[in-house]
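Enquirer: For reference, this is entry-v7.pdb, and it has PDB, C-alpha atoms.
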ATOM      1  CA  MET A   1      97.442  57.603 -62.773
ATOM      2  CA  SER A   2      93.686  57.810 -63.190
ATOM      3  CA  THR A   3      91.702  59.743 -60.600
ATOM      4  CA  ALA A   4      88.263  59.071 -62.043
ATOM      5  CA  GLN A   5      86.731  56.842 -64.694
ATOM      6  CA  GLY A   6      84.614  58.402 -67.413
ATOM      7  CA  ALA A   7      80.975  58.015 -66.529
ATOM      8  CA  GLY A   8      79.080  56.684 -69.498
ATOM      9  CA  ASN A   9      81.505  58.061 -72.077
ATOM     10  CA  GLY A  10      83.476  54.886 -72.638
ATOM     11  CA  GLY A  11      86.729  56.867 -72.597
ATOM     12  CA  ARG A  12      89.694  57.014 -70.320
ATOM     13  CA  GLY A  13      89.322  58.501 -66.889
ATOM     14  CA  VAL A  14      90.642  61.825 -65.715
ATOM     15  CA  GLU A  15      94.343  61.736 -64.901
ATOM     16  CA  ILE A  16      96.378  64.029 -62.706
ATOM     17  CA  ARG A  17      97.861  65.636 -65.851
ATOM     18  CA  HIS A  18      94.386  66.864 -66.816
ATOM     19  CA  LEU A  19      94.037  68.628 -63.486
ATOM     20  CA  ARG A  20      97.542  70.104 -63.657
ATOM     21  CA  ALA A  21      96.859  71.469 -67.146
ATOM     22  CA  PHE A  22      93.582  73.044 -66.056
ATOM     23  CA  LEU A  23      95.174  74.624 -62.963
ATOM     24  CA  ALA A  24      98.047  75.982 -65.058
ATOM     25  CA  ILE A  25      95.549  77.610 -67.431
ATOM     26  CA  ALA A  26      93.612  79.044 -64.484
ATOM     27  CA  ASP A  27      96.762  80.449 -62.861
ATOM     28  CA  GLU A  28      98.419  81.769 -66.029
ATOM     29  CA  GLY A  29      95.292  83.078 -67.755
ATOM     30  CA  GLY A  30      96.111  81.498 -71.102
ATOM     31  CA  VAL A  31      97.005  78.264 -72.868
ATOM     32  CA  THR A  32     100.358  79.495 -74.206
ATOM     33  CA  ARG A  33     101.703  80.527 -70.797
ATOM     34  CA  ALA A  34     100.300  77.342 -69.262
ATOM     35  CA  ALA A  35     102.176  75.290 -71.853
ATOM     36  CA  THR A  36     105.408  77.118 -71.054
ATOM     37  CA  ARG A  37     104.896  76.506 -67.354
ATOM     38  CA  LEU A  38     104.238  72.809 -67.907
ATOM     39  CA  GLY A  39     107.021  72.361 -70.458
ATOM     40  CA  VAL A  40     104.730  71.035 -73.196
ATOM     41  CA  THR A  41     103.304  72.414 -76.442
ATOM     42  CA  GLN A  42     100.199  74.578 -76.686
ATOM     43  CA  PRO A  43      98.210  71.932 -78.663
ATOM     44  CA  VAL A  44      98.887  69.391 -75.921
ATOM     45  CA  VAL A  45      97.444  71.727 -73.283
ATOM     46  CA  SER A  46      94.424  72.531 -75.467
ATOM     47  CA  ARG A  47      93.692  68.848 -76.086
ATOM     48  CA  THR A  48      94.115  68.023 -72.398
ATOM     49  CA  LEU A  49      91.662  70.738 -71.396
ATOM     50  CA  ALA A  50      89.154  69.652 -74.048
ATOM     51  CA  ALA A  51      89.366  66.050 -72.836
ATOM     52  CA  LEU A  52      88.735  67.143 -69.254
ATOM     53  CA  GLU A  53      85.730  69.213 -70.276
ATOM     54  CA  ARG A  54      84.297  66.343 -72.322
ATOM     55  CA  HIS A  55      84.652  64.008 -69.376
ATOM     56  CA  LEU A  56      82.959  66.428 -66.965
ATOM     57  CA  GLY A  57      80.324  67.493 -69.470
ATOM     58  CA  VAL A  58      80.793  71.201 -68.679
ATOM     59  CA  ARG A  59      82.766  74.112 -70.074
ATOM     60  CA  LEU A  60      85.486  75.109 -67.601
ATOM     61  CA  VAL A  61      87.173  77.897 -69.551
ATOM     62  CA  ASP A  62      85.528  80.720 -71.483
ATOM     63  CA  ARG A  63      87.349  81.022 -74.801
ATOM     64  CA  SER A  64      85.235  83.912 -76.114
ATOM     65  CA  THR A  65      87.838  86.507 -75.141
ATOM     66  CA  HIS A  66      91.519  86.881 -75.958
ATOM     67  CA  HIS A  67      92.306  86.527 -72.251
ATOM     68  CA  LEU A  68      90.883  83.224 -71.095
ATOM     69  CA  ALA A  69      88.619  83.287 -68.052
ATOM     70  CA  LEU A  70      87.121  80.555 -65.942
ATOM     71  CA  THR A  71      83.410  79.899 -66.248
ATOM     72  CA  PRO A  72      81.329  79.670 -63.037
ATOM     73  CA  GLU A  73      81.723  75.898 -63.265
ATOM     74  CA  GLY A  74      85.461  76.360 -63.751
ATOM     75  CA  LEU A  75      85.736  78.502 -60.644
ATOM     76  CA  VAL A  76      84.044  75.814 -58.565
ATOM     77  CA  PHE A  77      86.123  73.050 -60.118
ATOM     78  CA  ARG A  78      89.383  74.947 -59.596
ATOM     79  CA  ASP A  79      89.253  74.521 -55.820
ATOM     80  CA  LYS A  80      88.389  70.838 -56.177
ATOM     81  CA  ALA A  81      91.199  70.295 -58.664
ATOM     82  CA  ALA A  82      93.700  72.141 -56.471
ATOM     83  CA  THR A  83      92.683  70.029 -53.481
ATOM     84  CA  ALA A  84      93.019  66.821 -55.483
ATOM     85  CA  VAL A  85      96.428  67.754 -56.896
ATOM     86  CA  GLY A  86      97.579  68.918 -53.477
ATOM     87  CA  ALA A  87      96.519  65.648 -51.875
ATOM     88  CA  PHE A  88      98.257  63.703 -54.642
ATOM     89  CA  ASP A  89     101.501  65.659 -54.242
ATOM     90  CA  GLU A  90     101.408  65.486 -50.465
ATOM     91  CA  ALA A  91     100.960  61.716 -50.582
ATOM     92  CA  LEU A  92     104.115  61.443 -52.690
ATOM     93  CA  ASP A  93     106.023  64.207 -50.891
ATOM     94  CA  PRO A  94     104.408  65.473 -47.654
ATOM     95  CA  GLY A  95     106.636  68.561 -47.556
ATOM     96  CA  ARG A  96     105.946  69.732 -51.100
ATOM     97  CA  LEU A  97     102.534  71.333 -50.531
ATOM     98  CA  ARG A  98     103.914  73.704 -47.931
ATOM     99  CA  HIS A  99     106.234  75.234 -50.509
ATOM    100  CA  ARG A 100     103.442  76.409 -52.850
ATOM    101  CA  PRO A 101     103.273  80.231 -52.661
ATOM    102  CA  LEU A 102     100.353  81.699 -50.737
ATOM    103  CA  ARG A 103      98.868  84.393 -52.978
ATOM    104  CA  LEU A 104      97.310  87.324 -51.107
ATOM    105  CA  GLY A 105      95.402  89.779 -53.276
ATOM    106  CA  HIS A 106      94.413  93.386 -52.660
ATOM    107  CA  ALA A 107      92.793  96.023 -54.815
ATOM    108  CA  TRP A 108      94.393  99.010 -53.072
ATOM    109  CA  SER A 109      96.169  99.881 -49.815
ATOM    110  CA  ALA A 110      96.928  96.235 -48.954
ATOM    111  CA  PHE A 111      96.975  95.784 -45.153
ATOM    112  CA  GLY A 112      97.496  99.484 -44.486
ATOM    113  CA  PRO A 113     100.012 100.204 -41.696
ATOM    114  CA  TYR A 114     100.236  96.490 -40.954
ATOM    115  CA  THR A 115     101.479  95.531 -44.438
ATOM    116  CA  THR A 116     105.214  95.541 -43.744
ATOM    117  CA  PRO A 117     104.960  93.760 -40.365
ATOM    118  CA  LEU A 118     102.794  91.072 -41.987
ATOM    119  CA  LEU A 119     105.187  90.443 -44.872
ATOM    120  CA  ARG A 120     108.364  90.515 -42.809
ATOM    121  CA  THR A 121     107.038  88.404 -39.962
ATOM    122  CA  TRP A 122     105.601  85.836 -42.366
ATOM    123  CA  GLN A 123     108.894  85.563 -44.219
ATOM    124  CA  ARG A 124     110.761  84.991 -40.975
ATOM    125  CA  ARG A 125     108.349  82.472 -39.516
ATOM    126  CA  HIS A 126     107.360  80.593 -42.673
ATOM    127  CA  PRO A 127     110.252  80.816 -45.147
ATOM    128  CA  GLU A 128     109.166  77.524 -46.719
ATOM    129  CA  THR A 129     105.887  79.115 -47.936
ATOM    130  CA  PRO A 130     106.406  82.378 -49.870
ATOM    131  CA  LEU A 131     103.698  85.004 -49.313
ATOM    132  CA  GLU A 132     102.986  86.850 -52.568
ATOM    133  CA  LEU A 133     101.133  90.177 -52.236
ATOM    134  CA  LEU A 134      99.373  90.903 -55.542
ATOM    135  CA  ARG A 135      97.480  94.058 -56.489
ATOM    136  CA  ILE A 136      94.549  93.149 -58.749
ATOM    137  CA  ASP A 137      92.035  95.809 -59.831
ATOM    138  CA  ASP A 138      88.896  93.878 -59.045
ATOM    139  CA  ARG A 139      86.297  94.215 -56.260
ATOM    140  CA  THR A 140      87.487  90.928 -54.742
ATOM    141  CA  ALA A 141      91.133  91.381 -55.807
ATOM    142  CA  GLY A 142      90.986  88.313 -58.038
ATOM    143  CA  LEU A 143      89.606  86.010 -55.350
ATOM    144  CA  THR A 144      86.379  85.026 -57.095
ATOM    145  CA  ARG A 145      88.328  84.450 -60.334
ATOM    146  CA  GLY A 146      90.702  82.061 -58.593
ATOM    147  CA  GLU A 147      93.754  84.292 -59.118
ATOM    148  CA  VAL A 148      94.625  84.418 -55.408
ATOM    149  CA  ASP A 149      94.163  82.222 -52.340
ATOM    150  CA  ALA A 150      92.985  85.034 -50.047
ATOM    151  CA  ALA A 151      92.385  88.765 -50.319
ATOM    152  CA  LEU A 152      92.464  91.911 -48.213
ATOM    153  CA  LEU A 153      89.271  93.794 -49.037
ATOM    154  CA  ARG A 154      87.575  96.960 -47.833
ATOM    155  CA  GLY A 155      83.883  97.614 -47.347
ATOM    156  CA  PRO A 156      81.032  95.113 -47.653
ATOM    157  CA  VAL A 157      81.510  92.344 -50.216
ATOM    158  CA  ALA A 158      78.399  90.708 -51.641
ATOM    159  CA  SER A 159      80.076  88.081 -53.836
ATOM    160  CA  PRO A 160      78.670  84.605 -53.101
ATOM    161  CA  GLY A 161      80.947  81.771 -52.038
ATOM    162  CA  LEU A 162      83.308  83.907 -49.938
ATOM    163  CA  VAL A 163      84.083  83.730 -46.232
ATOM    164  CA  THR A 164      85.158  87.060 -44.722
ATOM    165  CA  GLU A 165      86.556  88.185 -41.380
ATOM    166  CA  VAL A 166      86.805  91.824 -40.243
ATOM    167  CA  LEU A 167      90.383  92.441 -39.106
ATOM    168  CA  PHE A 168      90.088  96.131 -38.246
ATOM    169  CA  THR A 169      88.315  99.315 -39.264
ATOM    170  CA  GLU A 170      89.903 102.515 -40.475
ATOM    171  CA  GLU A 171      88.679 106.068 -40.644
ATOM    172  CA  ARG A 172      87.773 107.548 -43.998
ATOM    173  CA  VAL A 173      89.526 110.541 -45.528
ATOM    174  CA  ALA A 174      88.725 112.937 -48.323
ATOM    175  CA  ALA A 175      91.176 113.093 -51.205
ATOM    176  CA  VAL A 176      91.291 116.584 -52.729
ATOM    177  CA  ALA A 177      93.469 118.477 -55.190
ATOM    178  CA  ALA A 178      96.570 119.855 -53.482
ATOM    179  CA  ASP A 179      96.028 123.316 -54.985
ATOM    180  CA  GLY A 180      92.294 123.440 -54.235
ATOM    181  CA  PRO A 181      90.473 125.322 -51.460
ATOM    182  CA  LEU A 182      89.656 122.170 -49.465
ATOM    183  CA  ALA A 183      93.301 121.157 -49.129
ATOM    184  CA  VAL A 184      93.973 123.741 -46.401
ATOM    185  CA  ARG A 185      91.164 122.526 -44.144
ATOM    186  CA  ALA A 186      92.025 120.590 -40.966
ATOM    187  CA  SER A 187      89.016 118.333 -41.495
ATOM    188  CA  LEU A 188      85.992 118.030 -43.755
ATOM    189  CA  SER A 189      82.455 116.674 -43.703
ATOM    190  CA  LEU A 190      80.693 114.725 -46.428
ATOM    191  CA  ALA A 191      78.603 117.811 -47.120
ATOM    192  CA  ASP A 192      81.770 119.740 -48.009
ATOM    193  CA  LEU A 193      82.229 117.402 -50.981
ATOM    194  CA  THR A 194      78.767 117.838 -52.504
ATOM    195  CA  GLY A 195      79.441 121.123 -54.295
ATOM    196  CA  GLY A 196      81.495 119.456 -57.007
ATOM    197  CA  ALA A 197      82.026 116.094 -58.626
ATOM    198  CA  VAL A 198      83.103 112.989 -56.743
ATOM    199  CA  VAL A 199      85.542 110.537 -58.355
ATOM    200  CA  LEU A 200      84.449 106.911 -57.906
ATOM    201  CA  ASN A 201      86.500 103.806 -58.592
ATOM    202  CA  THR A 202      83.660 101.557 -59.717
ATOM    203  CA  VAL A 203      85.849  98.507 -60.346
ATOM    204  CA  SER A 204      87.715  97.992 -57.086
ATOM    205  CA  GLY A 205      86.755 100.922 -54.852
ATOM    206  CA  ALA A 206      84.506 100.817 -51.805
ATOM    207  CA  THR A 207      82.941 104.296 -52.098
ATOM    208  CA  THR A 208      79.591 104.805 -53.821
ATOM    209  CA  LEU A 209      77.049 107.623 -53.883
ATOM    210  CA  ASP A 210      75.179 105.745 -51.141
ATOM    211  CA  LEU A 211      77.723 107.189 -48.702
ATOM    212  CA  TRP A 212      75.758 110.446 -48.925
ATOM    213  CA  PRO A 213      72.067 110.924 -48.028
ATOM    214  CA  LEU A 214      69.803 110.723 -51.070
ATOM    215  CA  HIS A 215      68.865 114.400 -50.798
ATOM    216  CA  ALA A 216      72.444 115.643 -50.370
ATOM    217  CA  ARG A 217      74.664 113.895 -52.874
ATOM    218  CA  PRO A 218      77.501 115.382 -54.954
ATOM    219  CA  VAL A 219      76.343 117.217 -58.051
ATOM    220  CA  ALA A 220      78.177 114.834 -60.388
ATOM    221  CA  ALA A 221      80.152 111.600 -60.405
ATOM    222  CA  LEU A 222      83.224 110.720 -62.459
ATOM    223  CA  THR A 223      83.922 106.989 -62.697
ATOM    224  CA  VAL A 224      87.364 105.415 -63.102
ATOM    225  CA  ALA A 225      88.613 101.830 -63.124
ATOM    226  CA  ASN A 226      91.604 101.779 -60.768
ATOM    227  CA  THR A 227      93.422 103.630 -57.998
ATOM    228  CA  ASP A 228      95.980 105.232 -60.319
ATOM    229  CA  ASP A 229      93.289 106.827 -62.507
ATOM    230  CA  TRP A 230      91.419 107.879 -59.348
ATOM    231  CA  LEU A 231      94.458 109.787 -58.067
ATOM    232  CA  THR A 232      95.151 111.342 -61.463
ATOM    233  CA  ALA A 233      91.595 112.656 -61.791
ATOM    234  CA  ILE A 234      91.652 114.185 -58.302
ATOM    235  CA  ALA A 235      95.065 115.791 -58.813
ATOM    236  CA  ALA A 236      93.775 117.308 -62.056
ATOM    237  CA  GLY A 237      90.916 118.962 -60.166
ATOM    238  CA  ARG A 238      88.192 116.929 -61.870
ATOM    239  CA  GLY A 239      86.604 115.984 -58.555
ATOM    240  CA  ASN A 240      87.165 114.884 -54.970
ATOM    241  CA  GLY A 241      87.378 111.354 -53.609
ATOM    242  CA  VAL A 242      86.752 109.401 -50.421
ATOM    243  CA  SER A 243      88.892 106.504 -49.262
ATOM    244  CA  GLY A 244      90.254 104.751 -46.195
ATOM    245  CA  ALA A 245      93.004 106.315 -44.108
ATOM    246  CA  SER A 246      95.485 103.684 -45.286
ATOM    247  CA  THR A 247      95.327 105.131 -48.781
ATOM    248  CA  ALA A 248      97.142 108.235 -47.570
ATOM    249  CA  GLN A 249     100.063 106.062 -46.465
ATOM    250  CA  MET A 250     100.079 103.544 -49.298
ATOM    251  CA  HIS A 251      99.322 105.959 -52.178
ATOM    252  CA  PRO A 252     100.941 109.366 -51.573
ATOM    253  CA  HIS A 253     100.606 111.727 -54.542
ATOM    254  CA  ALA A 254     102.162 115.149 -55.025
ATOM    255  CA  GLY A 255      98.910 116.518 -56.436
ATOM    256  CA  VAL A 256      96.578 115.073 -53.788
ATOM    257  CA  VAL A 257      96.020 115.982 -50.138
ATOM    258  CA  TYR A 258      94.197 113.637 -47.773
ATOM    259  CA  VAL A 259      91.964 115.365 -45.202
ATOM    260  CA  PRO A 260      90.156 113.592 -42.318
ATOM    261  CA  LEU A 261      86.388 113.233 -42.675
ATOM    262  CA  ASP A 262      84.458 113.994 -39.481
ATOM    263  CA  ASP A 263      81.153 112.286 -40.237
ATOM    264  CA  ALA A 264      81.901 109.354 -42.542
ATOM    265  CA  PRO A 265      81.401 105.827 -41.161
ATOM    266  CA  PRO A 266      84.581 103.781 -40.664
ATOM    267  CA  LEU A 267      85.660 101.371 -43.360
ATOM    268  CA  PRO A 268      86.031  97.681 -42.426
ATOM    269  CA  VAL A 269      89.137  95.865 -43.659
ATOM    270  CA  LEU A 270      88.414  92.191 -44.361
ATOM    271  CA  LEU A 271      90.409  89.040 -44.891
ATOM    272  CA  ALA A 272      88.483  86.975 -47.433
ATOM    273  CA  ARG A 273      88.853  83.465 -48.801
ATOM    274  CA  ARG A 274      86.723  81.150 -50.875
ATOM    275  CA  ASP A 275      84.337  78.872 -49.011
ATOM    276  CA  GLY A 276      85.852  75.410 -49.225
ATOM    277  CA  PRO A 277      89.263  73.763 -49.159
ATOM    278  CA  GLY A 278      92.083  76.146 -49.894
ATOM    279  CA  HIS A 279      95.778  76.673 -49.370
ATOM    280  CA  PRO A 280      96.894  74.830 -46.221
ATOM    281  CA  ALA A 281      98.649  77.959 -44.905
ATOM    282  CA  LEU A 282      95.470  80.075 -44.796
ATOM    283  CA  PRO A 283      94.795  79.441 -41.076
ATOM    284  CA  ARG A 284      98.334  80.602 -40.251
ATOM    285  CA  LEU A 285      97.868  83.729 -42.364
ATOM    286  CA  ALA A 286      94.616  84.625 -40.593
ATOM    287  CA  ALA A 287      96.178  84.028 -37.179
ATOM    288  CA  LEU A 288      99.198  86.205 -37.970
ATOM    289  CA  ALA A 289      96.995  89.004 -39.344
ATOM    290  CA  ARG A 290      94.965  89.008 -36.114
ATOM    291  CA  GLU A 291      98.137  89.012 -34.024
ATOM    292  CA  ILE A 292      99.658  91.965 -35.847
ATOM    293  CA  VAL A 293      96.452  93.999 -35.605
ATOM    294  CA  ALA A 294      96.203  93.243 -31.878
ATOM    295  CA  ARG A 295      99.771  94.506 -31.364
ATOM    296  CA  GLY A 296      99.026  97.779 -33.147
ATOM    297  CA  PRO A 297     100.386  99.519 -36.238
ATOM    298  CA  ARG A 298     103.378 100.992 -34.422
ATOM    299  CA  THR A 299     104.939  97.573 -33.837
ATOM    300  CA  PRO A 300     108.427  97.757 -35.394
ATOM    301  CA  PRO A 301     108.347  95.607 -38.543
ATOM    302  CA  GLY A 302     110.003  92.238 -38.566
ATOM    303  CA  ILE A 303     110.498  91.766 -34.813
ATOM    304  CA  LEU A 304     107.330  89.979 -33.773
ATOM    305  CA  PRO A 305     108.304  86.937 -31.729
ATOM    306  CA  ALA A 306     108.079  83.421 -33.090
ATOM    307  CA  GLY A 307     105.041  81.405 -32.193
ATOM    308  CA  GLY A 308     101.700  82.814 -31.161
ATOM    309  CA  GLU A 309      99.782  81.422 -34.101
TER     310      GLU A 309
END
Translate the structure described by the file into structure tokens.

Expert:
Amino acid sequence: MSTAQGAGNGGRGVEIRHLRAFLAIADEGGVTRAATRLGVTQPVVSRTLAALERHLGVRLVDRSTHHLALTPEGLVFRDKAATAVGAFDEALDPGRLRHRPLRLGHAWSAFGPYTTPLLRTWQRRHPETPLELLRIDDRTAGLTRGEVDAALLRGPVASPGLVTEVLFTEERVAAVAADGPLAVRASLSLADLTGGAVVLNTVSGATTLDLWPLHARPVAALTVANTDDWLTAIAAGRGNGVSGASTAQMHPHAGVVYVPLDDAPPLPVLLARRDGPGHPALPRLAALAREIVARGPRTPPGILPAGGE
């Protein structure tokens, strides 16, 4: 079935198989895995992608690295292709689109104390649409790369093309070595952390040196690329860290103590999606997230009543 006729190229139009191949590459991050998913050979997928790119006149996939990545044009086209394939499938089988998993990304700490209620209540209310919670070490948890349909993010996000909603705010805490002098304190101030190094997760974290006044910043900064390395560095006494209160619950560590910070501004927790058509279950996800936050973190998991979305 042709969805578009080649404009001025004299060739065949784009068919639904071209879009499926491109989406498989985007989801799987490589031609080989996409071929396995589609049940065809790798050369077939490569030729299908090349034909689609020739028709559109743009490069959709960056092949300069071992791990394929979408180009900016590919990121834009991914949503359009997903919408087109979804509309095609729904026309043939209206119930099929609802069964596509809803991928929810997070870089760290997920939905904090609301994580379990969200997952359990979603599973009970919407068993036909699996909710997949994926940790991706990226500032937008894979959202801008098209790896997820929505993301739980913390702190301000400047990436263009995203729509965000603040679901709640959480207090910040200091993360210090369990055997260090700050671990015995009932609370700390930002100034208490300036005498040594601060450990910053520059890939997916929300803390930067801008949290401190320009004239009173930590004496040094140690940068890491993910939450695991952040915890390891702090436990080893290489520096202190700052994070949201949910981190203490979601990432306990024998070598790290979390201490409340008295003077740090609260950290907003956002639900983000790409601007444009997306997974049809996104409105239900946003509604359920709001409902669970409104009920409070002490709501016993899995017993929220049906309805209310």

Enquirer: Using all atoms listed in the file, determine which residues lie at most 9 Å from Thr232 of chain A, disregarding the query and same-chain residues fewer than 5 positions distant; provide the list as a PyMOL selection string.

Expert: chain A and resi 227+237-238+253+255-256

Enquirer: Would you mind exporting the chosen residues as a JSON list (two decimals), in the coordinates of the input, restricted to C-alpha atoms?

Expert:
[["chain", "number", "residue", "atom", "x", "y", "z"],
["A", 227, "THR", "CA", 93.42, 103.63, -58.00],
["A", 237, "GLY", "CA", 90.92, 118.96, -60.17],
["A", 238, "ARG", "CA", 88.19, 116.93, -61.87],
["A", 253, "HIS", "CA", 100.61, 111.73, -54.54],
["A", 255, "GLY", "CA", 98.91, 116.52, -56.44],
["A", 256, "VAL", "CA", 96.58, 115.07, -53.79]]

Enquirer: Would you list the residues near (100.7, 109.2, -45.2) (no more than 12 Å away, in the coordinates of the file, using only C-alpha atoms) as a list in words?

Expert: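 Here is the list of nearby residues: Ser109, Gly112, Pro113, Val173, Ala175, Gly244, Ala245, Ser246, Thr247, Ala248, Gln249, Met250, His251, Pro252, His253, Ala254, Val256, Val257, Tyr258, Val259 and Pro260 of chain A.
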
Enquirer: Evaluated on this file, the PyMOL selection byres ((chain A and resi 261-273) around 8) picks out some residues - which ones are they, written as a ChimeraX atom specification?

Expert: /A:111,143,149-156,162-174,187-190,211,244,259-260,274-275,286

Enquirer: Kindly give the distance, in Å, that separates atom CA of Leu200 of chain A and atom CA of Ala141 of chain A, rounded to a single decimal.

Expert: 17.0 Å

Enquirer: In terms of the shortest atom-to-atom distance over all atoms listed in the file, which of A:Val176, A:Leu134, A:Leu23, A:Ala87 is closest to Arg37 of chain A?

Expert: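 The answer is A:Leu23, which sits nearest to Arg37 of chain A.
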
Enquirer: Please expand the PyMOL selection byres ((chain A and resi 138) around 7) into the concrete residues it hits in this file, giving the result as a ChimeraX atom specification.

Expert: /A:107,136-137,139-142,203-204

Enquirer: List as a list in words the protein and nucleic acid residues near Thr223 of chain A, meaning an atom at most 12 Å away when all atoms listed in the file are counted, but skip any in the same chain fewer than 3 places from it.

Expert: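 What passes the distance filter is Ala197, Val198, Val199, Leu200, Asn201, Thr202, Val203, Ser204, Gly205, Thr207, Thr208, Leu209, Ala220, Asn226, Thr227, Asp229, Trp230, Leu231, Ala233, Ile234, Arg238, Gly239, Asn240 and Gly241 of chain A.
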
Enquirer: For Gly180 of chain A, which residue out of A:Val44, A:Leu19, A:Val85, A:Ala235 is the nearest one, using only C-alpha atoms?

Expert: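 Nearest candidate to Gly180 of chain A out of A:Val44, A:Leu19, A:Val85, A:Ala235: A:Ala235.
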
Enquirer: To one decimal place in Å, what is the distance between atom CA of Ala24 of chain A and atom CA of Leu38 of chain A?

Expert: 7.5 Å

Enquirer: What lies within 8 Å of segment 48-62 of chain A using all atoms listed in the file, ignoring chain neighbours under 3 positions off, as a VMD selection string?

Expert: chain A and resid 6 to 7 9 13 to 14 17 to 19 21 to 22 44 to 45 65 68 to 75 77

Enquirer: Got a sec to resolve the PyMOL selection byres ((chain A and resi 278) around 7) on this structure and send the residues as a tab-separated table (two decimals) with C-alpha atoms, keeping the file's coordinate frame?

Expert:
chain	number	residue	atom	x	y	z
A	79	ASP	CA	89.25	74.52	-55.82
A	149	ASP	CA	94.16	82.22	-52.34
A	276	GLY	CA	85.85	75.41	-49.22
A	277	PRO	CA	89.26	73.76	-49.16
A	279	HIS	CA	95.78	76.67	-49.37
A	280	PRO	CA	96.89	74.83	-46.22

Enquirer: Nearest residue to Ala294 of chain A out of A:Tyr114, A:Arg47, A:Leu182, A:Ile16, using all atoms listed in the file?

Expert: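 Going through A:Tyr114, A:Arg47, A:Leu182, A:Ile16 one by one, the smallest distance to Ala294 of chain A is for A:Tyr114.
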
Enquirer: How far is it from atom CA of Thr194 of chain A to atom CA of Arg217 of chain A, in Å with one decimal?

Expert: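 Distance reported for this atom pair: 5.7 Å.
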
Enquirer: Using the file's own x, y and z axes, so that the box edges lie along x, y and z, what centre and edge lengths in Å (one decimal) does a box around every listed atom of segment 199-209 of chain A get when 5 Å is added on each side? Give it as AutoDock Vina command-line options.

Expert:
--center_x 82.4 --center_y 104.3 --center_z -56.1 --size_x 20.7 --size_y 22.5 --size_z 18.5
